[in-house]
$ cat my_file-v4.cif   # mmCIF, C-alpha atoms
data_entry
#
loop_
_atom_site.label_atom_id
_atom_site.label_comp_id
_atom_site.auth_asym_id
_atom_site.auth_seq_id
_atom_site.Cartn_x
_atom_site.Cartn_y
_atom_site.Cartn_z
CA MET A 1 -4.07 16.84 26.44
CA ILE A 2 -3.83 15.65 22.86
CA LEU A 3 -1.63 12.58 23.53
CA PHE A 4 -4.06 11.14 26.08
CA GLU A 5 -6.96 11.83 23.76
CA LEU A 6 -5.10 10.07 20.92
CA PHE A 7 -4.32 7.11 23.15
CA TYR A 8 -7.90 6.66 24.27
CA THR A 9 -9.32 7.21 20.75
CA PHE A 10 -7.03 4.64 19.13
CA LEU A 11 -7.39 2.17 22.02
CA LEU A 12 -11.11 2.09 21.26
CA ILE A 13 -10.53 1.88 17.50
CA GLY A 14 -8.39 -1.23 18.03
CA LEU A 15 -11.04 -2.97 20.08
CA PHE A 16 -13.78 -2.34 17.51
CA THR A 17 -11.83 -3.21 14.37
CA PHE A 18 -13.37 -6.42 13.10
CA GLY A 19 -12.53 -7.85 9.70
CA GLY A 20 -9.26 -6.19 8.79
CA GLY A 21 -7.60 -3.02 7.61
CA TYR A 22 -10.52 -1.40 5.80
CA SER A 23 -12.75 -1.53 8.83
CA MET A 24 -9.97 0.12 10.87
CA ILE A 25 -9.76 2.83 8.18
CA ALA A 26 -13.51 3.41 8.59
CA LEU A 27 -13.17 3.76 12.37
CA ILE A 28 -10.14 6.06 12.14
CA GLN A 29 -11.94 8.22 9.57
CA SER A 30 -14.98 8.53 11.80
CA ALA A 31 -12.87 9.40 14.87
CA VAL A 32 -10.31 11.83 13.42
CA VAL A 33 -12.49 13.49 10.74
CA GLU A 34 -16.08 13.44 12.01
CA GLU A 35 -15.77 13.21 15.78
CA HIS A 36 -12.62 15.18 16.66
CA SER A 37 -12.19 17.25 13.44
CA TRP A 38 -8.42 16.79 13.70
CA LEU A 39 -8.25 16.33 9.91
CA THR A 40 -10.41 17.23 6.93
CA ALA A 41 -11.78 14.45 4.71
CA GLN A 42 -9.33 15.55 2.03
CA GLU A 43 -6.32 15.36 4.35
CA PHE A 44 -7.47 11.92 5.47
CA ALA A 45 -7.78 10.71 1.86
CA ASP A 46 -4.20 11.90 1.23
CA ILE A 47 -2.99 9.97 4.29
CA LEU A 48 -4.75 6.86 3.01
CA ALA A 49 -3.06 7.14 -0.38
CA ILE A 50 0.37 7.20 1.27
CA SER A 51 -0.50 4.46 3.78
CA GLN A 52 -1.44 2.08 0.99
CA ILE A 53 1.81 2.39 -0.93
CA THR A 54 4.23 2.16 2.01
CA PRO A 55 5.32 -1.13 3.65
CA GLY A 56 3.38 -2.54 6.58
CA PRO A 57 -0.24 -3.23 7.52
CA VAL A 58 -2.51 -0.48 6.10
CA GLY A 59 -4.31 -0.15 9.45
CA ILE A 60 -1.06 0.52 11.34
CA ASN A 61 0.21 2.91 8.68
CA THR A 62 -3.02 4.90 8.76
CA ALA A 63 -3.01 4.99 12.58
CA THR A 64 0.62 6.19 12.63
CA TYR A 65 0.00 8.88 10.02
CA ALA A 66 -3.30 10.05 11.50
CA GLY A 67 -1.72 10.25 14.97
CA TYR A 68 1.13 12.35 13.60
CA SER A 69 -1.11 14.69 11.61
CA ALA A 70 -3.64 15.13 14.42
CA VAL A 71 -0.94 16.46 16.76
CA ILE A 72 0.43 18.80 14.07
CA ALA A 73 -3.10 20.02 13.29
CA GLU A 74 -3.57 20.93 16.95
CA GLY A 75 -0.51 23.18 16.67
CA TYR A 76 2.12 21.14 18.52
CA PRO A 77 5.78 20.75 17.40
CA THR A 78 7.22 17.81 15.44
CA ALA A 79 8.60 15.96 18.50
CA MET A 80 5.08 15.79 19.94
CA ALA A 81 3.78 14.59 16.58
CA VAL A 82 6.30 11.73 16.58
CA ALA A 83 5.09 10.79 20.07
CA GLY A 84 1.49 10.97 18.82
CA ALA A 85 2.31 8.71 15.87
CA VAL A 86 3.89 6.08 18.13
CA ILE A 87 1.10 6.30 20.73
CA ALA A 88 -1.66 5.92 18.12
CA SER A 89 0.09 2.92 16.50
CA LEU A 90 0.65 1.10 19.79
CA ALA A 91 -2.77 1.97 21.23
CA VAL A 92 -4.66 0.24 18.40
CA LEU A 93 -2.75 -2.96 19.20
CA ILE A 94 -3.13 -3.15 22.98
CA LEU A 95 -6.68 -4.49 23.40
CA PRO A 96 -6.77 -6.89 20.40
CA LEU A 97 -3.44 -8.42 21.45
CA THR A 98 -4.56 -8.75 25.06
CA LEU A 99 -7.72 -10.52 23.90
CA ILE A 100 -5.77 -12.87 21.61
CA LEU A 101 -3.23 -13.75 24.28
CA VAL A 102 -5.82 -14.28 27.00
CA VAL A 103 -8.85 -15.86 25.32
CA GLY A 104 -7.39 -16.81 21.91
CA ARG A 105 -7.09 -20.55 22.40
CA TRP A 106 -10.45 -20.83 24.11
CA LEU A 107 -12.19 -18.82 21.38
CA LEU A 108 -10.59 -20.88 18.61
CA LYS A 109 -12.51 -23.89 19.96
CA HIS A 110 -15.81 -22.05 20.39
CA LYS A 111 -15.95 -19.55 17.54
CA ASP A 112 -18.13 -21.76 15.37
CA GLN A 113 -20.62 -22.46 18.17
CA ALA A 114 -23.53 -20.42 19.55
CA PRO A 115 -23.64 -17.57 20.35
CA PHE A 116 -20.32 -16.72 18.66
CA ASP A 117 -21.27 -18.00 15.21
CA THR A 118 -24.25 -15.60 15.10
CA LEU A 119 -22.26 -12.75 16.64
CA PHE A 120 -19.45 -13.01 14.13
CA ARG A 121 -21.81 -13.42 11.20
CA GLY A 122 -23.68 -10.28 12.25
CA LEU A 123 -20.40 -8.42 12.70
CA ARG A 124 -19.16 -9.37 9.23
CA LEU A 125 -22.39 -8.02 7.73
CA THR A 126 -22.20 -4.81 9.78
CA VAL A 127 -18.57 -4.15 8.86
CA VAL A 128 -19.56 -4.07 5.17
CA GLY A 129 -21.84 -1.13 6.03
CA LEU A 130 -19.09 0.54 8.06
CA ILE A 131 -16.70 0.55 5.12
CA ALA A 132 -19.44 1.72 2.74
CA ALA A 133 -20.12 4.66 5.08
CA ALA A 134 -16.42 5.59 5.08
CA ALA A 135 -16.35 5.52 1.26
CA LEU A 136 -19.52 7.67 1.08
CA SER A 137 -18.14 10.22 3.56
CA LEU A 138 -14.94 10.60 1.54
CA MET A 139 -16.76 11.02 -1.83
CA PRO A 140 -17.06 14.86 -1.71
CA SER A 141 -13.29 15.26 -1.27
CA ALA A 142 -12.70 12.90 -4.20
CA PHE A 143 -14.81 14.90 -6.66
CA ALA A 144 -13.89 18.43 -5.56
CA PRO A 145 -13.28 20.76 -8.56
CA THR A 146 -9.88 20.33 -10.25
CA PRO A 147 -7.93 22.85 -12.45
CA THR A 148 -9.11 21.04 -15.60
CA GLY A 149 -12.01 18.71 -16.27
CA THR A 150 -14.48 20.35 -13.90
CA ILE A 151 -18.11 20.48 -15.04
CA THR A 152 -21.31 21.87 -13.59
CA ILE A 153 -24.59 19.97 -13.71
CA PHE A 154 -27.45 22.10 -12.38
CA ASP A 155 -25.85 23.82 -9.38
CA PHE A 156 -23.54 20.95 -8.67
CA GLN A 157 -19.90 21.50 -9.60
CA PHE A 158 -17.58 18.51 -9.65
CA SER A 159 -14.46 17.11 -11.32
CA PHE A 160 -15.45 15.01 -14.30
CA PHE A 161 -11.87 13.77 -14.69
CA ASN A 162 -11.84 12.54 -11.10
CA LEU A 163 -15.15 10.76 -11.67
CA ILE A 164 -13.51 8.88 -14.55
CA ILE A 165 -10.51 7.99 -12.36
CA PHE A 166 -12.87 6.78 -9.62
CA LEU A 167 -14.84 4.54 -12.00
CA ALA A 168 -11.70 3.15 -13.65
CA VAL A 169 -9.95 2.34 -10.37
CA PHE A 170 -13.15 0.88 -8.92
CA ALA A 171 -13.66 -1.42 -11.93
CA LEU A 172 -10.00 -2.47 -12.20
CA SER A 173 -9.82 -3.21 -8.48
CA LEU A 174 -13.13 -5.06 -8.20
CA TRP A 175 -13.20 -7.06 -11.43
CA LYS A 176 -9.59 -7.28 -12.57
CA LYS A 177 -7.99 -7.50 -9.11
CA VAL A 178 -5.31 -5.00 -10.14
CA SER A 179 -2.97 -4.23 -7.21
CA PRO A 180 -3.94 -1.11 -5.21
CA ILE A 181 -0.29 0.00 -5.26
CA LEU A 182 -0.18 -0.01 -9.05
CA LEU A 183 -3.56 1.79 -9.27
CA ILE A 184 -2.42 4.52 -6.86
CA LEU A 185 0.88 5.02 -8.69
CA LEU A 186 -0.89 5.20 -12.07
CA SER A 187 -3.49 7.67 -10.76
CA GLY A 188 -0.76 9.88 -9.33
CA LEU A 189 1.07 9.89 -12.65
CA LEU A 190 -2.17 10.73 -14.42
CA GLY A 191 -2.75 13.64 -12.03
CA LEU A 192 0.68 15.00 -12.81
CA ILE A 193 -0.12 14.92 -16.54
CA ILE A 194 -3.73 16.17 -16.68
CA TYR A 195 -3.85 18.78 -13.90
CA MET B 1 16.90 -18.80 24.61
CA MET B 2 17.72 -15.24 23.50
CA ALA B 3 18.47 -16.58 20.05
CA LYS B 4 14.82 -17.55 19.60
CA TYR B 5 13.63 -14.05 20.56
CA CYS B 6 16.08 -12.59 18.05
CA GLU B 7 14.92 -14.97 15.35
CA LEU B 8 11.26 -14.14 16.06
CA PHE B 9 12.05 -10.43 15.89
CA THR B 10 14.08 -10.57 12.68
CA THR B 11 11.58 -12.87 10.97
CA PHE B 12 8.63 -10.56 11.60
CA PHE B 13 10.80 -7.49 11.04
CA LYS B 14 11.52 -8.78 7.54
CA ILE B 15 7.84 -9.53 6.91
CA GLY B 16 6.74 -6.08 8.15
CA THR B 17 9.43 -4.19 6.29
CA PHE B 18 9.05 -5.78 2.89
CA THR B 19 5.30 -6.23 2.44
CA ILE B 20 3.24 -3.44 1.00
CA GLY B 21 -0.52 -3.71 1.37
CA GLY B 22 -0.85 -5.18 4.82
CA GLY B 23 -2.63 -8.25 6.17
CA TYR B 24 -3.68 -10.25 3.17
CA ALA B 25 -0.45 -9.46 1.32
CA MET B 26 1.50 -10.64 4.36
CA ILE B 27 -0.15 -14.04 4.82
CA PRO B 28 1.78 -15.90 2.08
CA LEU B 29 5.05 -14.43 3.35
CA ILE B 30 4.25 -15.35 6.98
CA GLN B 31 3.31 -18.86 5.88
CA ARG B 32 6.59 -19.31 4.01
CA GLU B 33 8.74 -17.99 6.85
CA VAL B 34 6.91 -19.57 9.78
CA VAL B 35 5.71 -22.90 8.36
CA THR B 36 7.91 -23.82 5.39
CA ARG B 37 11.29 -22.38 6.32
CA ARG B 38 11.35 -22.57 10.11
CA GLY B 39 8.72 -25.18 10.96
CA TRP B 40 7.53 -23.14 13.95
CA LEU B 41 3.89 -24.00 13.20
CA SER B 42 2.32 -26.85 11.26
CA ASP B 43 0.05 -26.09 8.30
CA THR B 44 -3.07 -26.71 10.41
CA GLU B 45 -1.80 -24.55 13.26
CA MET B 46 -1.13 -21.76 10.76
CA LEU B 47 -4.65 -22.04 9.32
CA ASP B 48 -6.04 -21.91 12.88
CA ALA B 49 -3.92 -18.84 13.60
CA ILE B 50 -5.23 -17.11 10.47
CA ALA B 51 -8.84 -18.05 11.26
CA LEU B 52 -8.53 -16.76 14.82
CA SER B 53 -6.81 -13.56 13.68
CA GLN B 54 -9.66 -12.85 11.29
CA THR B 55 -12.25 -13.47 13.99
CA MET B 56 -10.63 -11.33 16.68
CA PRO B 57 -10.59 -7.54 16.52
CA GLY B 58 -7.39 -5.78 15.48
CA ILE B 59 -4.87 -5.86 12.70
CA LEU B 60 -4.59 -9.20 10.91
CA ALA B 61 -0.79 -9.28 10.51
CA ALA B 62 -0.16 -8.18 14.11
CA ASN B 63 -2.64 -10.76 15.41
CA ILE B 64 -0.92 -13.57 13.50
CA ALA B 65 2.49 -12.36 14.72
CA ALA B 66 1.21 -12.42 18.31
CA ILE B 67 -0.14 -15.97 17.99
CA VAL B 68 3.10 -17.28 16.47
CA GLY B 69 5.21 -15.47 19.07
CA GLN B 70 3.06 -16.77 21.91
CA ARG B 71 3.30 -20.33 20.66
CA LEU B 72 7.11 -20.18 20.66
CA ARG B 73 7.99 -18.03 23.67
CA GLY B 74 4.82 -17.03 25.53
CA ILE B 75 3.80 -13.44 26.05
CA GLY B 76 7.36 -12.12 25.64
CA GLY B 77 7.56 -13.89 22.29
CA ALA B 78 4.26 -12.35 21.21
CA LEU B 79 5.45 -8.84 22.05
CA VAL B 80 8.78 -9.33 20.27
CA ALA B 81 7.08 -10.66 17.11
CA VAL B 82 4.51 -7.82 17.00
CA LEU B 83 7.09 -5.10 17.61
CA GLY B 84 9.30 -6.56 14.89
CA ASN B 85 6.35 -6.55 12.54
CA ILE B 86 5.37 -2.90 13.04
CA LEU B 87 8.69 -1.18 13.77
CA MET B 88 9.75 -0.23 10.25
CA PRO B 89 6.25 0.67 9.03
CA ILE B 90 5.96 3.17 11.90
CA VAL B 91 9.43 4.62 11.23
CA PHE B 92 8.72 4.89 7.48
CA ILE B 93 5.42 6.69 8.01
CA ILE B 94 6.89 9.17 10.51
CA LEU B 95 9.70 10.00 8.07
CA ILE B 96 7.28 10.36 5.17
CA ALA B 97 4.88 12.48 7.24
CA ALA B 98 7.70 14.82 8.25
CA VAL B 99 9.08 15.11 4.70
CA PHE B 100 5.69 15.38 3.00
CA ARG B 101 4.85 18.51 4.99
CA GLN B 102 7.76 20.28 3.26
CA PHE B 103 6.52 19.36 -0.21
CA GLN B 104 2.75 19.45 0.07
CA ASP B 105 2.42 23.00 -1.22
CA ILE B 106 4.31 22.37 -4.46
CA PRO B 107 1.78 22.51 -7.36
CA ALA B 108 2.99 19.24 -8.91
CA VAL B 109 2.46 17.41 -5.59
CA GLN B 110 -1.00 18.93 -5.26
CA HIS B 111 -1.89 17.80 -8.78
CA ILE B 112 -0.78 14.26 -8.00
CA PHE B 113 -2.94 14.14 -4.86
CA MET B 114 -5.98 15.59 -6.67
CA ALA B 115 -6.00 12.45 -8.81
CA LEU B 116 -5.13 10.15 -5.89
CA ARG B 117 -8.23 11.07 -3.88
CA PRO B 118 -10.81 9.48 -6.24
CA ALA B 119 -8.47 6.46 -6.57
CA VAL B 120 -8.31 6.02 -2.80
CA VAL B 121 -12.07 6.32 -2.38
CA ALA B 122 -12.56 3.75 -5.17
CA LEU B 123 -10.14 1.44 -3.35
CA ILE B 124 -12.36 1.65 -0.27
CA ALA B 125 -15.60 1.29 -2.25
CA ALA B 126 -14.46 -1.83 -4.14
CA PRO B 127 -13.85 -4.06 -1.07
CA VAL B 128 -17.38 -3.23 0.10
CA PHE B 129 -18.60 -5.52 -2.67
CA THR B 130 -15.98 -8.26 -2.23
CA LEU B 131 -16.54 -8.27 1.54
CA ALA B 132 -20.32 -8.34 1.02
CA ARG B 133 -19.93 -11.57 -0.92
CA LYS B 134 -17.64 -13.08 1.72
CA ALA B 135 -19.96 -12.04 4.55
CA GLY B 136 -22.83 -13.83 2.79
CA VAL B 137 -25.01 -10.81 2.02
CA THR B 138 -28.33 -12.03 0.58
CA LEU B 139 -31.70 -10.38 -0.05
CA ARG B 140 -32.68 -11.38 3.48
CA THR B 141 -29.58 -9.92 5.15
CA VAL B 142 -28.75 -6.92 2.95
CA TRP B 143 -30.66 -4.60 5.30
CA ILE B 144 -27.96 -5.07 7.95
CA PRO B 145 -25.03 -3.46 6.05
CA VAL B 146 -27.39 -0.88 4.47
CA LEU B 147 -28.78 0.13 7.87
CA ALA B 148 -25.27 0.28 9.36
CA ALA B 149 -24.03 2.48 6.50
CA LEU B 150 -27.03 4.84 6.73
CA LEU B 151 -26.79 5.17 10.53
CA ILE B 152 -23.15 6.21 10.23
CA TRP B 153 -23.16 8.21 7.01
CA LEU B 154 -26.56 9.92 7.15
CA PHE B 155 -27.23 10.16 10.87
CA GLY B 156 -23.64 10.61 12.04
CA ILE B 157 -23.85 7.78 14.56
CA SER B 158 -20.45 6.50 15.71
CA PRO B 159 -19.36 3.19 14.09
CA VAL B 160 -18.34 2.02 17.56
CA PHE B 161 -21.97 2.33 18.67
CA VAL B 162 -23.18 0.58 15.51
CA ILE B 163 -20.86 -2.37 16.23
CA LEU B 164 -22.10 -2.55 19.83
CA LEU B 165 -25.64 -2.55 18.45
CA ALA B 166 -24.73 -5.39 16.06
CA LEU B 167 -23.24 -7.41 18.94
CA ALA B 168 -26.33 -6.87 21.10
CA ALA B 169 -28.67 -7.77 18.23
CA GLY B 170 -26.62 -10.86 17.36
CA TRP B 171 -26.63 -11.99 20.97
CA THR B 172 -30.40 -11.55 21.29
CA TYR B 173 -31.02 -13.31 17.99
CA SER B 174 -28.84 -16.22 19.04
CA LYS B 175 -30.79 -16.60 22.31
CA LEU B 176 -34.09 -16.49 20.41
CA ILE B 177 -33.00 -19.34 18.14
CA ASP B 178 -31.85 -21.33 21.18
CA ASN B 179 -35.24 -21.01 22.87
CA ARG B 180 -37.21 -22.15 19.86
#
$ encode --input "my_file-v4.cif" --output "structure tokens"
Amino acid sequence: MILFELFYTFLLIGLFTFGGGYSMIALIQSAVVEEHSWLTAQEFADILAISQITPGPVGINTATYAGYSAVIAEGYPTAMAVAGAVIASLAVLILPLTLILVVGRWLLKHKDQAPFDTLFRGLRLTVVGLIAAAALSLMPSAFAPTPTGTITIFDFQFSFFNLIIFLAVFALSLWKKVSPILLILLSGLLGLIIY
Amino acid sequence: MMAKYCELFTTFFKIGTFTIGGGYAMIPLIQREVVTRRGWLSDTEMLDAIALSQTMPGILAANIAAIVGQRLRGIGGALVAVLGNILMPIVFIILIAAVFRQFQDIPAVQHIFMALRPAVVALIAAPVFTLARKAGVTLRTVWIPVLAALLIWLFGISPVFVILLALAAGWTYSKLIDNR
């Protein structure tokens, strides 16, 4: 049953999300796109775009949206999808909140001591790789041929315009710290004009 | 008694409803509401709450809400604060998801999303480099994120398993240093 599967999947995602929203995005992507094939990479990228420009934590927004879409993709009606959205959003919170409430104070004292210092340092390094993997997996959907600006190099056909957008957003976000919301809105506007 | 629960709920409801961009965008707002305006936590307690929230798994904003709620009213307070924080975001997304399905086949909407996809992927690729700096990636440690990325991306290994592997390796490494 899809709702139980969603609950279990997002329960696990919550427990393994270290280091913030982007690492949760990586885990959700792996679960709903690669493991369960509830969504295509392209559908997931669209969900991410919306989750980043609506209020609330990006991780929660993505969980809510992915839960909703997974149920729809499996062919269930809207009411079930709403239930799926709520279940996915609450499930990602259950285990982290339990941990915080139960061992929070104790861990605050010990987190800079062995073995936790090494554990957390290793986790921070690993999470960087997790997010990189998510970005790499989503690349093909980002450069899929578009109505204009598509070029072919050898046998490889991709959207040159989208490559430009990717490089521009990457540079503006990394070096100029331009807000993701502004970058998404500008890219959308650009899409409306050039495609 | 009830008044405090209500205040906790409305405070985090406001923070959740009016911040776009999640955790790091919410921290200044949480600080202003919780420390400056209401004096629920001292500056040091707030910094501790942030540090703990970043260490623990889960969503940063929800973790901070839980810690603040717990401090004021125990477990009930934590639940009230977290629910307040996520209620509107969940409602918004469900509404948008339902409405978007009606419009997704319109050509103009499709054209917008064609350009959004590379933007979104760039927005995931960029933090890889900022986080790498924060995590202290050096020539000696760069193999860890690279190996993690390759295991997941190339070999299709679940990120959950990769994190378990990292925890096991970190634990072993820590014991080895201890015994030296």
$ residues_around --input "my_file-v4.cif" --residues "Gly191 (chain A)" --least-positions-apart "4" --cutoff "10 Å" --atoms "all atoms listed in the file" --output "number ranges by chain"
A: 146, 161-162, 165, 185-187, 195; B: 108-116
$ write_last_selection --input "my_file-v4.cif" --atoms "C-alpha atoms" --output "mmCIF file, keeping the file's coordinate frame"
data_model
loop_
_atom_site.group_PDB
_atom_site.id
_atom_site.type_symbol
_atom_site.label_atom_id
_atom_site.label_comp_id
_atom_site.auth_asym_id
_atom_site.auth_seq_id
_atom_site.Cartn_x
_atom_site.Cartn_y
_atom_site.Cartn_z
ATOM 1 C CA THR A 146 -9.880 20.330 -10.250
ATOM 2 C CA PHE A 161 -11.870 13.770 -14.690
ATOM 3 C CA ASN A 162 -11.840 12.540 -11.100
ATOM 4 C CA ILE A 165 -10.510 7.990 -12.360
ATOM 5 C CA LEU A 185 0.880 5.020 -8.690
ATOM 6 C CA LEU A 186 -0.890 5.200 -12.070
ATOM 7 C CA SER A 187 -3.490 7.670 -10.760
ATOM 8 C CA TYR A 195 -3.850 18.780 -13.900
ATOM 9 C CA ALA B 108 2.990 19.240 -8.910
ATOM 10 C CA VAL B 109 2.460 17.410 -5.590
ATOM 11 C CA GLN B 110 -1.000 18.930 -5.260
ATOM 12 C CA HIS B 111 -1.890 17.800 -8.780
ATOM 13 C CA ILE B 112 -0.780 14.260 -8.000
ATOM 14 C CA PHE B 113 -2.940 14.140 -4.860
ATOM 15 C CA MET B 114 -5.980 15.590 -6.670
ATOM 16 C CA ALA B 115 -6.000 12.450 -8.810
ATOM 17 C CA LEU B 116 -5.130 10.150 -5.890
#
$ atom_distance --input "my_file-v4.cif" --atom1 "CA of Phe143 (chain A)" --atom2 "CA of Thr9 (chain A)"
29.0 Å
$ residues_around --input "my_file-v4.cif" --residues "Thr141 (chain B)" --least-positions-apart "4" --cutoff "8 Å" --atoms "all atoms listed in the file" --output "number ranges by chain"
A: 125; B: 137, 145
$ resolve_selection --input "my_file-v4.cif" --expression "the PyMOL selection byres ((chain B and resi 93) around 9)" --output "list of chain:residue names"
A:Ile50, A:Ser51, A:Thr54, A:Pro55, A:Asn61, A:Thr62, A:Thr64, A:Tyr65, A:Ala85, B:Met88, B:Pro89, B:Ile90, B:Val91, B:Phe92, B:Ile94, B:Leu95, B:Ile96, B:Ala97, B:Ala98
$ resolve_selection --input "my_file-v4.cif" --expression "the PyMOL selection byres ((chain B and resi 77) around 12)" --output "JSON, numbers by chain"
{"A": [101], "B": [1, 2, 3, 4, 5, 6, 7, 8, 9, 12, 65, 66, 67, 68, 69, 70, 71, 72, 73, 74, 75, 76, 78, 79, 80, 81, 82, 83, 84]}
$ atom_distance --input "my_file-v4.cif" --atom1 "CA of Val82 (chain A)" --atom2 "CA of Pro57 (chain A)"
18.7 Å
$ atom_distance --input "my_file-v4.cif" --atom1 "CA of Asn63 (chain B)" --atom2 "CA of Leu93 (chain A)"
8.7 Å
$ residues_around --input "my_file-v4.cif" --residues "Val146 (chain B)" --least-positions-apart "4" --cutoff "10 Å" --atoms "only C-alpha atoms" --output "NGL selection string"
(:A and (125-126 or 128-130 or 132-133)) or (:B and (141-142 or 150-151))
$ resolve_selection --input "my_file-v4.cif" --expression "the PyMOL selection byres ((chain B and resi 51) around 12)" --output "list in words"
Gly19, Ile100, Gly104, Arg105, Leu107, Leu108, Lys109, Lys111 and Asp112 of chain A; Ile27, Thr44, Glu45, Met46, Leu47, Asp48, Ala49, Ile50, Leu52, Ser53, Gln54, Thr55, Met56, Pro57, Leu60, Ala61, Asn63, Ile64 and Ile67 of chain B
$ residues_around --input "my_file-v4.cif" --residues "Ile2 (chain A)" --least-positions-apart "6" --cutoff "12 Å" --atoms "only C-alpha atoms" --output "PyMOL selection string"
chain A and resi 8-9+36+38+67-76+80-81+83-85+87-88
$ closest_residue --input "my_file-v4.cif" --among "B:Val34, B:Leu176, B:Leu29, B:Val160" --to "chain A" --atoms "all atoms listed in the file"
B:Val160
$ residues_around --input "my_file-v4.cif" --residues "Gly156 (chain B)" --least-positions-apart "3" --cutoff "12 Å" --atoms "all atoms listed in the file" --output "ChimeraX atom specification"
/A:30-31,33-35,130,133-134,137 /B:148-153,159-162
$ residues_near_point --input "my_file-v4.cif" --point "(-17.9, 18.7, -3.6)" --cutoff "9 Å" --atoms "only C-alpha atoms" --output "list in words"
Met139, Pro140, Ser141, Ala142, Phe143, Ala144, Pro145, Phe156, Gln157, Phe158 and Ser159 of chain A
$ axis_aligned_box --input "my_file-v4.cif" --around "region 137-155 of chain A" --padding-each-side "5 Å" --output "lines of an AutoDock Vina configuration file"
center_x = -17.7
center_y = 17.0
center_z = -6.4
size_x = 29.5
size_y = 23.6
size_z = 29.8
$ closest_residue --input "my_file-v4.cif" --among "A:Phe4, A:Phe16, A:Trp175, A:Trp106" --to "Ser158 (chain B)" --atoms "only C-alpha atoms"
A:Phe16
$ closest_residue --input "my_file-v4.cif" --among "A:Val32, A:Ala45, A:Val178, A:Ile153" --to "chain B" --atoms "all atoms listed in the file"
A:Ala45
$ closest_residue --input "my_file-v4.cif" --among "A:Leu182, A:Ile193, A:Ala41, A:Leu123" --to "Phe18 (chain A)" --atoms "only C-alpha atoms"
A:Leu123
$ decode --input "my_file-v4.cif" --residues "region 98-113 of chain B" --atoms "N, CA and C atoms" --output "PDB file, in the first residue's frame"
ATOM      1  N   ALA B  98      -1.915  20.604  -6.462  1.00  0.00           N
ATOM      2  CA  ALA B  98      -3.225  20.328  -7.064  1.00  0.00           C
ATOM      3  C   ALA B  98      -3.481  21.260  -8.248  1.00  0.00           C
ATOM      4  N   VAL B  99      -3.155  22.540  -8.093  1.00  0.00           N
ATOM      5  CA  VAL B  99      -3.408  23.519  -9.158  1.00  0.00           C
ATOM      6  C   VAL B  99      -2.450  23.304 -10.334  1.00  0.00           C
ATOM      7  N   PHE B 100      -1.189  23.021 -10.020  1.00  0.00           N
ATOM      8  CA  PHE B 100      -0.173  22.901 -11.067  1.00  0.00           C
ATOM      9  C   PHE B 100      -0.515  21.793 -12.063  1.00  0.00           C
ATOM     10  N   ARG B 101      -1.157  20.732 -11.557  1.00  0.00           N
ATOM     11  CA  ARG B 101      -1.526  19.623 -12.454  1.00  0.00           C
ATOM     12  C   ARG B 101      -2.484  20.068 -13.554  1.00  0.00           C
ATOM     13  N   GLN B 102      -3.295  21.113 -13.271  1.00  0.00           N
ATOM     14  CA  GLN B 102      -4.225  21.614 -14.282  1.00  0.00           C
ATOM     15  C   GLN B 102      -3.491  22.420 -15.364  1.00  0.00           C
ATOM     16  N   PHE B 103      -2.355  22.993 -14.999  1.00  0.00           N
ATOM     17  CA  PHE B 103      -1.688  23.934 -15.913  1.00  0.00           C
ATOM     18  C   PHE B 103      -0.438  23.371 -16.570  1.00  0.00           C
ATOM     19  N   GLN B 104      -0.005  22.178 -16.150  1.00  0.00           N
ATOM     20  CA  GLN B 104       1.321  21.736 -16.570  1.00  0.00           C
ATOM     21  C   GLN B 104       1.426  21.432 -18.066  1.00  0.00           C
ATOM     22  N   ASP B 105       0.289  21.257 -18.722  1.00  0.00           N
ATOM     23  CA  ASP B 105       0.363  20.953 -20.150  1.00  0.00           C
ATOM     24  C   ASP B 105       0.311  22.188 -21.045  1.00  0.00           C
ATOM     25  N   ILE B 106       0.086  23.350 -20.467  1.00  0.00           N
ATOM     26  CA  ILE B 106       0.089  24.589 -21.245  1.00  0.00           C
ATOM     27  C   ILE B 106       1.516  24.857 -21.742  1.00  0.00           C
ATOM     28  N   PRO B 107       1.679  25.153 -23.060  1.00  0.00           N
ATOM     29  CA  PRO B 107       3.030  25.348 -23.606  1.00  0.00           C
ATOM     30  C   PRO B 107       3.856  26.374 -22.834  1.00  0.00           C
ATOM     31  N   ALA B 108       3.235  27.514 -22.472  1.00  0.00           N
ATOM     32  CA  ALA B 108       4.001  28.550 -21.774  1.00  0.00           C
ATOM     33  C   ALA B 108       4.590  28.006 -20.458  1.00  0.00           C
ATOM     34  N   VAL B 109       3.779  27.223 -19.739  1.00  0.00           N
ATOM     35  CA  VAL B 109       4.253  26.645 -18.470  1.00  0.00           C
ATOM     36  C   VAL B 109       5.403  25.678 -18.736  1.00  0.00           C
ATOM     37  N   GLN B 110       5.258  24.884 -19.791  1.00  0.00           N
ATOM     38  CA  GLN B 110       6.331  23.945 -20.129  1.00  0.00           C
ATOM     39  C   GLN B 110       7.624  24.674 -20.483  1.00  0.00           C
ATOM     40  N   HIS B 111       7.500  25.797 -21.181  1.00  0.00           N
ATOM     41  CA  HIS B 111       8.691  26.569 -21.563  1.00  0.00           C
ATOM     42  C   HIS B 111       9.388  27.139 -20.327  1.00  0.00           C
ATOM     43  N   ILE B 112       8.559  27.603 -19.373  1.00  0.00           N
ATOM     44  CA  ILE B 112       9.147  28.124 -18.131  1.00  0.00           C
ATOM     45  C   ILE B 112       9.944  27.029 -17.435  1.00  0.00           C
ATOM     46  N   PHE B 113       9.351  25.827 -17.324  1.00  0.00           N
ATOM     47  CA  PHE B 113      10.019  24.764 -16.580  1.00  0.00           C
ATOM     48  C   PHE B 113      11.241  24.211 -17.316  1.00  0.00           C
TER      49      PHE B 113
END
